[in-house]
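Colleague: Next comes work_39.txt, compact mmCIF, C-alpha atoms and all ligand atoms:
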```txt
# COMPACT_ATOMS: atom_id res chain seq x y z
CA MET A 1 3.34 -65.65 -11.26
CA SER A 2 1.86 -68.80 -12.68
CA SER A 3 2.17 -71.26 -9.85
CA ILE A 4 -0.91 -73.40 -9.26
CA THR A 5 -2.20 -74.46 -5.89
CA LEU A 6 -4.92 -77.02 -5.28
CA LYS A 7 -6.44 -76.85 -1.83
CA ALA A 8 -8.51 -79.83 -0.63
CA LEU A 9 -10.08 -80.16 -4.06
CA SER A 10 -12.92 -82.62 -4.57
CA LYS A 11 -15.26 -83.52 -7.40
CA GLN A 12 -18.43 -85.54 -7.20
CA TYR A 13 -20.40 -86.22 -10.37
CA THR A 14 -22.79 -88.45 -8.46
CA ASP A 15 -23.86 -88.40 -4.81
CA ASP A 16 -22.37 -91.77 -3.93
CA LYS A 17 -18.88 -91.47 -5.41
CA HIS A 18 -15.95 -89.06 -5.25
CA THR A 19 -14.24 -88.77 -8.64
CA LEU A 20 -11.57 -86.57 -7.03
CA ASN A 21 -11.05 -86.72 -3.30
CA ASP A 22 -9.34 -84.02 -1.24
CA LEU A 23 -6.43 -83.19 -3.57
CA SER A 24 -3.83 -80.70 -2.39
CA LEU A 25 -0.76 -79.81 -4.42
CA HIS A 26 1.46 -76.80 -5.11
CA ILE A 27 2.88 -76.60 -8.63
CA LYS A 28 5.74 -74.14 -8.91
CA ASP A 29 5.96 -71.36 -11.47
CA LYS A 30 7.43 -72.78 -14.73
CA GLU A 31 7.33 -76.33 -13.41
CA PHE A 32 6.51 -79.26 -15.73
CA LEU A 33 4.14 -81.40 -13.69
CA VAL A 34 2.91 -84.72 -15.06
CA LEU A 35 -0.33 -86.28 -13.84
CA LEU A 36 0.16 -90.00 -14.35
CA GLY A 37 -2.41 -92.67 -13.67
CA PRO A 38 -4.57 -95.41 -15.13
CA SER A 39 -7.61 -94.64 -17.24
CA GLY A 40 -10.57 -93.43 -15.19
CA CYS A 41 -8.56 -92.20 -12.18
CA GLY A 42 -9.67 -88.59 -12.68
CA LYS A 43 -6.79 -86.96 -14.58
CA SER A 44 -8.93 -85.25 -17.24
CA THR A 45 -11.46 -84.15 -14.64
CA LEU A 46 -8.72 -82.44 -12.63
CA LEU A 47 -7.28 -80.74 -15.70
CA ARG A 48 -10.70 -79.53 -16.80
CA MET A 49 -11.33 -78.11 -13.34
CA ILE A 50 -8.08 -76.14 -13.52
CA ALA A 51 -9.09 -74.92 -16.99
CA GLY A 52 -12.46 -73.86 -15.57
CA ILE A 53 -14.62 -76.03 -17.81
CA GLU A 54 -15.70 -78.37 -15.00
CA ASP A 55 -17.39 -77.29 -11.77
CA ILE A 56 -15.63 -77.67 -8.44
CA THR A 57 -17.59 -79.61 -5.81
CA GLN A 58 -15.33 -78.59 -2.93
CA GLY A 59 -11.97 -76.89 -2.37
CA GLU A 60 -10.06 -74.14 -4.12
CA ILE A 61 -7.80 -73.64 -7.10
CA TYR A 62 -5.26 -70.79 -7.11
CA ILE A 63 -3.36 -69.57 -10.15
CA GLY A 64 -0.59 -67.43 -8.72
CA ASP A 65 -2.12 -65.75 -5.68
CA VAL A 66 -5.63 -65.60 -7.12
CA CYS A 67 -8.38 -68.03 -6.23
CA VAL A 68 -9.90 -68.79 -9.65
CA ASN A 69 -12.93 -70.79 -8.53
CA LYS A 70 -15.19 -68.08 -9.87
CA VAL A 71 -12.97 -66.86 -12.73
CA GLU A 72 -14.18 -67.56 -16.30
CA PRO A 73 -12.03 -70.05 -18.28
CA LYS A 74 -10.96 -67.38 -20.79
CA ASP A 75 -9.72 -65.12 -17.99
CA ARG A 76 -7.58 -67.72 -16.21
CA GLY A 77 -4.51 -67.37 -18.43
CA VAL A 78 -4.54 -71.07 -19.25
CA ALA A 79 -4.67 -72.88 -22.59
CA MET A 80 -5.64 -76.50 -22.96
CA VAL A 81 -4.60 -79.04 -25.58
CA PHE A 82 -7.07 -81.90 -25.86
CA GLN A 83 -6.39 -85.53 -26.71
CA ASN A 84 -8.71 -85.44 -29.72
CA TYR A 85 -7.27 -82.08 -30.98
CA ALA A 86 -10.76 -80.50 -31.10
CA LEU A 87 -10.00 -78.39 -34.19
CA TYR A 88 -12.86 -76.61 -35.93
CA PRO A 89 -13.31 -78.63 -39.15
CA HIS A 90 -14.63 -75.79 -41.32
CA MET A 91 -11.80 -73.41 -40.43
CA THR A 92 -8.30 -73.37 -41.90
CA VAL A 93 -5.29 -73.92 -39.69
CA PHE A 94 -4.75 -70.17 -39.57
CA GLU A 95 -8.38 -69.52 -38.62
CA ASN A 96 -8.27 -72.24 -35.98
CA MET A 97 -5.28 -70.56 -34.39
CA ALA A 98 -6.82 -67.09 -34.71
CA TYR A 99 -10.22 -67.97 -33.26
CA GLY A 100 -9.38 -67.82 -29.56
CA LEU A 101 -7.50 -64.56 -30.08
CA LYS A 102 -10.48 -62.96 -31.86
CA ILE A 103 -12.67 -63.84 -28.89
CA LYS A 104 -10.14 -62.17 -26.63
CA LYS A 105 -10.24 -59.15 -28.99
CA VAL A 106 -6.55 -59.33 -29.85
CA LYS A 107 -5.89 -56.94 -32.78
CA LYS A 108 -5.43 -58.39 -36.29
CA ALA A 109 -1.76 -57.44 -36.67
CA GLU A 110 -0.92 -58.92 -33.28
CA ARG A 111 -2.90 -62.08 -34.11
CA GLU A 112 -0.95 -62.57 -37.31
CA LYS A 113 2.36 -61.96 -35.60
CA ARG A 114 1.64 -64.55 -32.91
CA ILE A 115 0.32 -67.14 -35.38
CA HIS A 116 3.37 -66.86 -37.61
CA ALA A 117 5.70 -67.05 -34.62
CA ALA A 118 3.95 -70.18 -33.31
CA ALA A 119 3.86 -71.72 -36.79
CA GLU A 120 7.59 -71.11 -37.03
CA ILE A 121 8.27 -72.91 -33.74
CA LEU A 122 6.08 -75.86 -34.75
CA GLN A 123 7.12 -75.84 -38.41
CA ILE A 124 3.57 -75.65 -39.69
CA ASN A 125 3.91 -72.50 -41.81
CA PRO A 126 3.19 -74.38 -45.08
CA LEU A 127 -0.06 -75.73 -43.58
CA LEU A 128 -1.72 -72.47 -42.55
CA LYS A 129 -4.22 -72.44 -45.43
CA ARG A 130 -5.28 -76.07 -45.11
CA LEU A 131 -8.39 -77.47 -43.46
CA PRO A 132 -7.98 -79.99 -40.61
CA SER A 133 -9.24 -82.76 -42.91
CA GLN A 134 -6.17 -82.16 -45.09
CA LEU A 135 -3.75 -82.82 -42.22
CA SER A 136 -2.13 -85.95 -40.78
CA GLY A 137 -2.60 -86.81 -37.10
CA GLY A 138 0.80 -85.39 -36.19
CA GLN A 139 0.08 -82.17 -38.08
CA LYS A 140 -3.30 -81.79 -36.36
CA GLN A 141 -1.61 -82.19 -33.01
CA ARG A 142 0.90 -79.46 -33.88
CA VAL A 143 -1.95 -77.16 -34.82
CA ALA A 144 -3.72 -77.92 -31.54
CA ILE A 145 -0.53 -77.02 -29.68
CA GLY A 146 -0.09 -73.93 -31.87
CA ARG A 147 -3.59 -72.81 -30.97
CA ALA A 148 -2.56 -72.97 -27.32
CA ILE A 149 0.77 -71.20 -27.85
CA VAL A 150 -0.73 -68.14 -29.56
CA LYS A 151 -2.82 -67.44 -26.46
CA GLU A 152 0.48 -66.87 -24.64
CA PRO A 153 -0.90 -68.58 -21.56
CA LYS A 154 0.73 -68.59 -18.17
CA VAL A 155 -0.21 -72.24 -17.88
CA PHE A 156 -0.40 -75.01 -20.50
CA LEU A 157 -2.76 -77.86 -19.76
CA MET A 158 -2.21 -80.90 -21.97
CA ASP A 159 -4.50 -83.92 -21.83
CA GLU A 160 -2.79 -86.97 -23.34
CA PRO A 161 -1.80 -84.88 -26.37
CA LEU A 162 0.27 -87.63 -28.00
CA SER A 163 -1.89 -90.68 -27.43
CA ASN A 164 -3.39 -90.68 -30.93
CA LEU A 165 -0.02 -90.64 -32.66
CA ASP A 166 2.04 -93.60 -33.83
CA ALA A 167 5.06 -94.60 -31.74
CA LYS A 168 7.71 -92.86 -33.83
CA LEU A 169 5.82 -89.59 -34.03
CA ARG A 170 5.05 -89.79 -30.32
CA ASN A 171 8.78 -89.97 -29.55
CA GLU A 172 9.48 -86.98 -31.79
CA MET A 173 6.64 -84.88 -30.40
CA ARG A 174 7.68 -85.74 -26.85
CA ILE A 175 11.01 -84.08 -27.50
CA GLU A 176 9.24 -81.12 -29.17
CA ILE A 177 7.09 -80.63 -26.09
CA LYS A 178 10.12 -80.71 -23.83
CA LYS A 179 11.81 -78.08 -25.99
CA LEU A 180 8.63 -76.03 -26.04
CA HIS A 181 8.58 -75.94 -22.26
CA GLU A 182 12.17 -74.72 -22.14
CA ARG A 183 11.49 -72.12 -24.78
CA LEU A 184 8.21 -70.75 -23.44
CA ASP A 185 9.05 -70.73 -19.75
CA SER A 186 5.43 -71.41 -18.80
CA THR A 187 3.99 -73.80 -16.25
CA PHE A 188 2.89 -77.10 -17.81
CA ILE A 189 0.47 -79.68 -16.46
CA TYR A 190 0.60 -82.73 -18.65
CA VAL A 191 -1.74 -85.70 -18.35
CA THR A 192 -0.68 -89.14 -19.47
CA HIS A 193 -1.10 -92.82 -18.66
CA ASP A 194 2.31 -93.56 -20.22
CA GLN A 195 5.14 -93.83 -17.71
CA VAL A 196 7.83 -93.28 -20.34
CA GLU A 197 6.29 -89.91 -21.21
CA ALA A 198 5.98 -89.11 -17.53
CA VAL A 199 9.59 -89.75 -16.59
CA THR A 200 11.06 -88.10 -19.67
CA LEU A 201 8.96 -84.93 -19.45
CA GLY A 202 8.16 -84.29 -15.81
CA ASP A 203 10.11 -82.15 -13.36
CA ARG A 204 7.76 -83.89 -10.96
CA ILE A 205 5.17 -86.61 -11.40
CA ALA A 206 1.93 -86.89 -9.43
CA ILE A 207 0.75 -90.49 -9.60
CA MET A 208 -3.03 -90.74 -9.27
CA THR A 209 -5.31 -93.65 -8.53
CA GLU A 210 -9.03 -93.50 -7.88
CA GLY A 211 -9.15 -89.73 -7.53
CA LYS A 212 -6.27 -89.41 -5.07
CA PHE A 213 -2.58 -88.62 -5.29
CA ARG A 214 -0.67 -91.76 -4.46
CA GLN A 215 2.87 -90.39 -4.75
CA ILE A 216 4.29 -87.05 -5.82
CA GLY A 217 7.97 -86.64 -6.58
CA THR A 218 10.69 -86.19 -9.16
CA PRO A 219 11.08 -89.08 -11.62
CA MET A 220 14.24 -90.06 -9.74
CA GLU A 221 12.50 -90.08 -6.36
CA ILE A 222 9.66 -92.22 -7.68
CA ILE A 223 11.96 -94.65 -9.49
CA ASP A 224 14.36 -94.90 -6.52
CA CYS A 225 11.69 -95.20 -3.86
CA PRO A 226 8.25 -96.15 -5.16
CA ILE A 227 5.91 -95.76 -2.23
CA ASP A 228 4.17 -99.10 -2.79
CA MET A 229 3.95 -102.06 -5.15
CA PHE A 230 1.30 -100.36 -7.28
CA VAL A 231 3.59 -97.42 -8.03
CA ALA A 232 6.60 -99.71 -8.51
CA SER A 233 4.68 -101.71 -11.11
CA PHE A 234 3.12 -98.69 -12.77
CA ILE A 235 6.40 -96.83 -13.22
CA SER A 236 8.39 -99.85 -14.47
CA SER A 237 8.66 -100.86 -18.08
CA PRO A 238 9.45 -103.70 -18.66
CA PRO A 239 7.57 -104.78 -15.52
CA ILE A 240 9.34 -105.09 -12.19
CA ASN A 241 9.93 -108.62 -10.85
CA TYR A 242 8.61 -109.60 -7.42
CA LEU A 243 9.86 -112.38 -5.17
CA ASP A 244 8.61 -113.40 -1.72
CA ALA A 245 11.34 -112.85 0.83
CA VAL A 246 12.20 -112.28 4.48
CA LEU A 247 14.54 -109.81 6.13
CA VAL A 248 17.30 -111.39 8.19
CA ASN A 249 20.04 -110.19 10.53
CA ARG A 250 23.55 -111.48 9.79
CA ASP A 251 26.11 -110.09 12.22
CA GLY A 252 24.21 -106.85 12.68
CA GLN A 253 23.64 -106.30 8.95
CA THR A 254 20.19 -106.56 7.32
CA TYR A 255 19.85 -108.83 4.32
CA VAL A 256 16.95 -109.66 2.03
CA ASP A 257 16.69 -113.44 1.96
CA THR A 258 14.88 -114.84 -1.06
CA ASP A 259 14.96 -118.63 -0.98
CA GLY A 260 18.47 -118.50 0.42
CA VAL A 261 19.73 -115.90 -2.08
CA LEU A 262 20.97 -113.06 0.13
CA VAL A 263 21.36 -109.42 -0.85
CA GLU A 264 22.62 -106.75 1.49
CA THR A 265 20.36 -103.80 2.25
CA ASP A 266 20.97 -100.62 4.19
CA LEU A 267 17.64 -100.97 6.03
CA PRO A 268 18.32 -100.92 9.80
CA ILE A 269 17.95 -104.24 11.60
CA GLU A 270 15.17 -102.74 13.73
CA VAL A 271 12.76 -102.97 10.78
CA ILE A 272 13.02 -106.76 10.63
CA LYS A 273 10.59 -107.44 13.47
CA ASP A 274 7.97 -105.04 12.03
CA HIS A 275 7.98 -106.72 8.63
CA PRO A 276 8.10 -110.48 9.10
CA ARG A 277 7.19 -111.16 5.49
CA VAL A 278 8.28 -108.95 2.61
CA VAL A 279 8.31 -108.86 -1.18
CA ALA A 280 11.57 -108.05 -2.94
CA GLY A 281 11.07 -106.01 -6.11
CA VAL A 282 13.82 -105.76 -8.71
CA ARG A 283 13.62 -104.28 -12.19
CA PRO A 284 14.75 -106.34 -15.19
CA GLU A 285 17.63 -103.91 -15.84
CA HIS A 286 18.96 -104.50 -12.34
CA CYS A 287 19.28 -108.27 -12.71
CA PHE A 288 22.19 -110.05 -14.33
CA ILE A 289 23.19 -113.44 -15.69
CA THR A 290 26.13 -114.94 -13.85
CA GLU A 291 28.37 -118.02 -14.03
CA ASP A 292 28.53 -118.10 -10.24
CA SER A 293 25.81 -120.33 -8.80
CA SER A 294 26.62 -119.56 -5.16
CA ASN A 295 24.22 -116.67 -4.54
CA ALA A 296 21.94 -116.78 -7.57
CA PHE A 297 18.58 -118.14 -8.69
CA VAL A 298 18.35 -120.92 -11.23
CA MET A 299 15.86 -119.98 -13.95
CA GLU A 300 14.79 -121.46 -17.25
CA VAL A 301 14.53 -119.52 -20.51
CA LEU A 302 10.93 -119.27 -21.77
CA PHE A 303 11.56 -116.91 -24.69
CA THR A 304 13.57 -113.84 -25.59
CA GLU A 305 12.48 -110.45 -26.86
CA ILE A 306 15.00 -108.31 -28.71
CA ILE A 307 14.55 -104.56 -28.23
CA GLY A 308 17.05 -102.62 -30.30
CA THR A 309 20.46 -103.56 -28.91
CA ASP A 310 19.02 -105.04 -25.71
CA VAL A 311 17.32 -108.32 -25.04
CA LEU A 312 14.61 -109.19 -22.53
CA LEU A 313 15.06 -112.69 -21.23
CA HIS A 314 11.69 -114.07 -20.15
CA LEU A 315 12.46 -116.69 -17.57
CA LYS A 316 10.60 -119.22 -15.44
CA HIS A 317 11.38 -119.00 -11.74
CA LYS A 318 9.53 -121.80 -9.94
CA THR A 319 5.96 -120.98 -10.92
CA SER A 320 6.48 -117.30 -11.72
CA HIS A 321 7.60 -115.26 -14.69
CA PHE A 322 10.81 -113.27 -14.29
CA ILE A 323 12.40 -110.83 -16.74
CA VAL A 324 16.07 -109.92 -17.10
CA LYS A 325 17.16 -107.08 -19.39
CA LYS A 326 20.69 -107.11 -20.76
CA SER A 327 22.61 -106.04 -23.81
CA PHE A 328 22.10 -108.34 -26.76
CA THR A 329 25.44 -110.07 -27.07
CA GLN A 330 24.45 -113.71 -27.46
CA THR A 331 21.44 -115.90 -28.17
CA TYR A 332 19.65 -118.11 -25.66
CA GLU A 333 17.75 -121.34 -26.23
CA LYS A 334 14.30 -122.11 -24.89
CA GLY A 335 14.66 -124.37 -21.84
CA GLN A 336 18.25 -123.26 -21.18
CA LYS A 337 19.09 -122.95 -17.45
CA LEU A 338 20.68 -119.69 -16.28
CA TYR A 339 21.95 -118.30 -12.99
CA VAL A 340 20.38 -114.95 -12.20
CA GLY A 341 21.61 -112.41 -9.65
CA MET A 342 20.25 -109.10 -8.42
CA GLN A 343 22.09 -105.79 -7.91
CA ALA A 344 21.78 -105.35 -4.15
CA ASN A 345 21.41 -101.56 -4.18
CA HIS A 346 18.45 -101.84 -6.57
CA VAL A 347 16.33 -104.29 -4.60
CA HIS A 348 13.17 -102.64 -3.24
CA VAL A 349 11.59 -104.14 -0.15
CA PHE A 350 7.82 -104.05 0.32
CA ASP A 351 5.78 -105.24 3.28
CA LYS A 352 3.91 -108.35 2.16
CA ASN A 353 0.67 -107.34 3.93
CA THR A 354 0.44 -103.62 3.25
CA GLN A 355 2.41 -103.66 -0.05
CA LYS A 356 4.11 -100.45 1.13
CA ASN A 357 7.81 -99.76 0.60
CA VAL A 358 9.56 -100.53 3.88
CA ARG A 359 12.00 -97.68 3.19
CA SER A 360 9.26 -95.08 2.79
CA LEU A 361 7.81 -96.21 6.14
CA GLN A 362 11.06 -95.28 7.94
P1 LIG A 401 -9.06 -90.13 -16.72
O1 LIG A 401 -8.84 -88.89 -17.50
O2 LIG A 401 -8.04 -90.35 -15.64
O3 LIG A 401 -9.17 -91.35 -17.58
P2 LIG A 401 -11.65 -88.97 -16.08
O4 LIG A 401 -11.32 -87.73 -15.35
O5 LIG A 401 -12.06 -88.83 -17.51
O6 LIG A 401 -10.45 -90.03 -15.93
O7 LIG A 401 -12.82 -89.73 -15.32
C1 LIG A 401 -12.74 -90.03 -13.94
C2 LIG A 401 -14.04 -90.69 -13.51
O8 LIG A 401 -15.10 -89.75 -13.56
C3 LIG A 401 -14.46 -91.86 -14.37
O9 LIG A 401 -14.96 -92.86 -13.53
C4 LIG A 401 -15.53 -91.30 -15.25
O10 LIG A 401 -16.46 -92.27 -15.60
C5 LIG A 401 -16.15 -90.24 -14.36
N1 LIG A 401 -16.69 -89.11 -15.15
C6 LIG A 401 -16.00 -88.33 -16.00
N2 LIG A 401 -16.81 -87.38 -16.56
C7 LIG A 401 -18.04 -87.60 -16.04
C8 LIG A 401 -19.31 -86.97 -16.20
N3 LIG A 401 -19.46 -85.90 -17.01
N4 LIG A 401 -20.37 -87.46 -15.49
C9 LIG A 401 -20.21 -88.51 -14.65
N5 LIG A 401 -19.04 -89.15 -14.45
C10 LIG A 401 -17.97 -88.71 -15.13
MG MG A 402 -8.63 -88.64 -19.56
```
Do you think you could lay out the structure here as structure tokens?

Modeller:
Amino acid sequence: MSSITLKALSKQYTDDKHTLNDLSLHIKDKEFLVLLGPSGCGKSTLLRMIAGIEDITQGEIYIGDVCVNKVEPKDRGVAMVFQNYALYPHMTVFENMAYGLKIKKVKKAEREKRIHAAAEILQINPLLKRLPSQLSGGQKQRVAIGRAIVKEPKVFLMDEPLSNLDAKLRNEMRIEIKKLHERLDSTFIYVTHDQVEAVTLGDRIAIMTEGKFRQIGTPMEIIDCPIDMFVASFISSPPINYLDAVLVNRDGQTYVDTDGVLVETDLPIEVIKDHPRVVAGVRPEHCFITEDSSNAFVMEVLFTEIIGTDVLLHLKHKTSHFIVKKSFTQTYEKGQKLYVGMQANHVHVFDKNTQKNVRSLQ
């Protein structure tokens, strides 16, 4: 059993401020959980507490059925991969991978077997005799992961393991980590501030801000129903567009009315009175350019950004910036006027005052 349970966990480095505040979460055996949040929100602190290298101020951590608050890091069955690799510079790759096993008194033959097996998975066999200084960033990261694999942990803890790699390598390693999870069948807790990593890797994502969980759910749940405007913005790349709007009742059906542009919503009409002013949020990929001016915004092209086979149209809508993503089939001129529509089933409605998703308040 390698489930992990956090019970009312708190951390205070200083008397006046909670770095982590009353966190409770159950992570299932073999789950891939991503902790996603901006820098400074407490992700590394939480991971280090689970690893046992940071004291707990209050609350409990269980690995399986065992409360590990007082269990030594080496006896918790966890292995951590750090952002900065933390390889021993004077040891070869082989020795780096062997070190933790020696401490745990794993026999030499078994050590060698595990190291070669891990090196095979990570394709670092030719590097075993090299020193860390003779490795590229990507190779160092593989070694750091290899050092974790050989411990055969029940739980992998990874703290932004790809953030020092260039974009191409990051994409490759992301896939490697996903495969590794499938192959090893262990529980993974993976820290990142990158929402693309989070949605591609996570079975579930726990979004953190200021030491608290803001929303926990599958990538689909979070994308489909972000709990508030912060989460909607944080999870969207390119950024989500926001427009001031009101909810209106037309013949018993609720519509989002944005400057006279109406989109149907399945929100019940009863919510209208509770949310007199709302913000409509729509992602660039859920907007479209249309010839039909009847239920569309008029926007002006500021500039275009070509991303592979897609294009981001950066548009001016009154005084705000609006982005439409579409396939790159034609060019657009600066200053050109376009009609822009929104896919009704992808318009999120937030309360203007509380910034909370009206749907999640139902
Ligand atoms: P993240 O990994 O999400 O960027 P951290 O867990 O590293 O965030 O830090 C969370 C907060 O705790 C930050 O405000 C940071 O300054 C503070 N913090 C981290 N480590 C210490 C420490 N050893 N002493 C005091 N404050 C710390
Ligand atoms: Mg960190």

Colleague: With 12 Å as the cut-off and all atoms listed in the file counted, what is the closest atom pair between each nearby residue of range 139-248 of chain A and range 94-117 of chain A? Distances in Å to one decimal, ordered by chain and number, as a Markdown table.

Modeller:
```
| residue | atom | partner | partner_atom | distance |
| --- | --- | --- | --- | --- |
| A:Lys140 | CA | A:Asn96 | CA | 10.8 |
| A:Arg142 | CA | A:Met97 | CA | 10.8 |
| A:Val143 | CA | A:Met97 | CA | 7.4 |
| A:Ala144 | CA | A:Met97 | CA | 8.0 |
| A:Ile145 | CA | A:Met97 | CA | 9.3 |
| A:Gly146 | CA | A:Met97 | CA | 6.7 |
| A:Arg147 | CA | A:Met97 | CA | 4.4 |
| A:Ala148 | CA | A:Met97 | CA | 7.9 |
| A:Ile149 | CA | A:Arg114 | CA | 8.4 |
| A:Val150 | CA | A:Arg114 | CA | 5.5 |
| A:Lys151 | CA | A:Leu101 | CA | 6.6 |
| A:Glu152 | CA | A:Arg114 | CA | 8.7 |
| A:Pro153 | CA | A:Leu101 | CA | 11.5 |
```

Colleague: What is the CA of Met342 in chain A to CA of Val263 in chain A distance in Å?

Modeller: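 Taking CA of Met342 in chain A and CA of Val263 in chain A, their separation equals 7.7 Å.
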
Colleague: Counting all atoms listed in the file, find residues at most 9 Å from (11.5, -82.5, -15.2) (file frame) and give them as a PyMOL selection string.

Modeller: chain A and resi 31-34+178+198-205+218-219

Colleague: Set the distance at 10 Å and use only C-alpha atoms: which residues neighbour His346 in chain A once local chain neighbours fewer than 6 positions away are removed? I'd like the list as a list in words.

Modeller: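 Near His346 in chain A, the qualifying residues are Asp224, Cys225, Val263, Thr265, Ala280, Gly281, Val282, Arg283, Glu285, His286 and Cys287 of chain A.
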
Colleague: Pick out the residues no farther than 7 Å from ligand MG 402 (chain A), counting all atoms listed in the file, and list them as a PyMOL selection string.

Modeller: chain A and resi 39-40+42-44+159
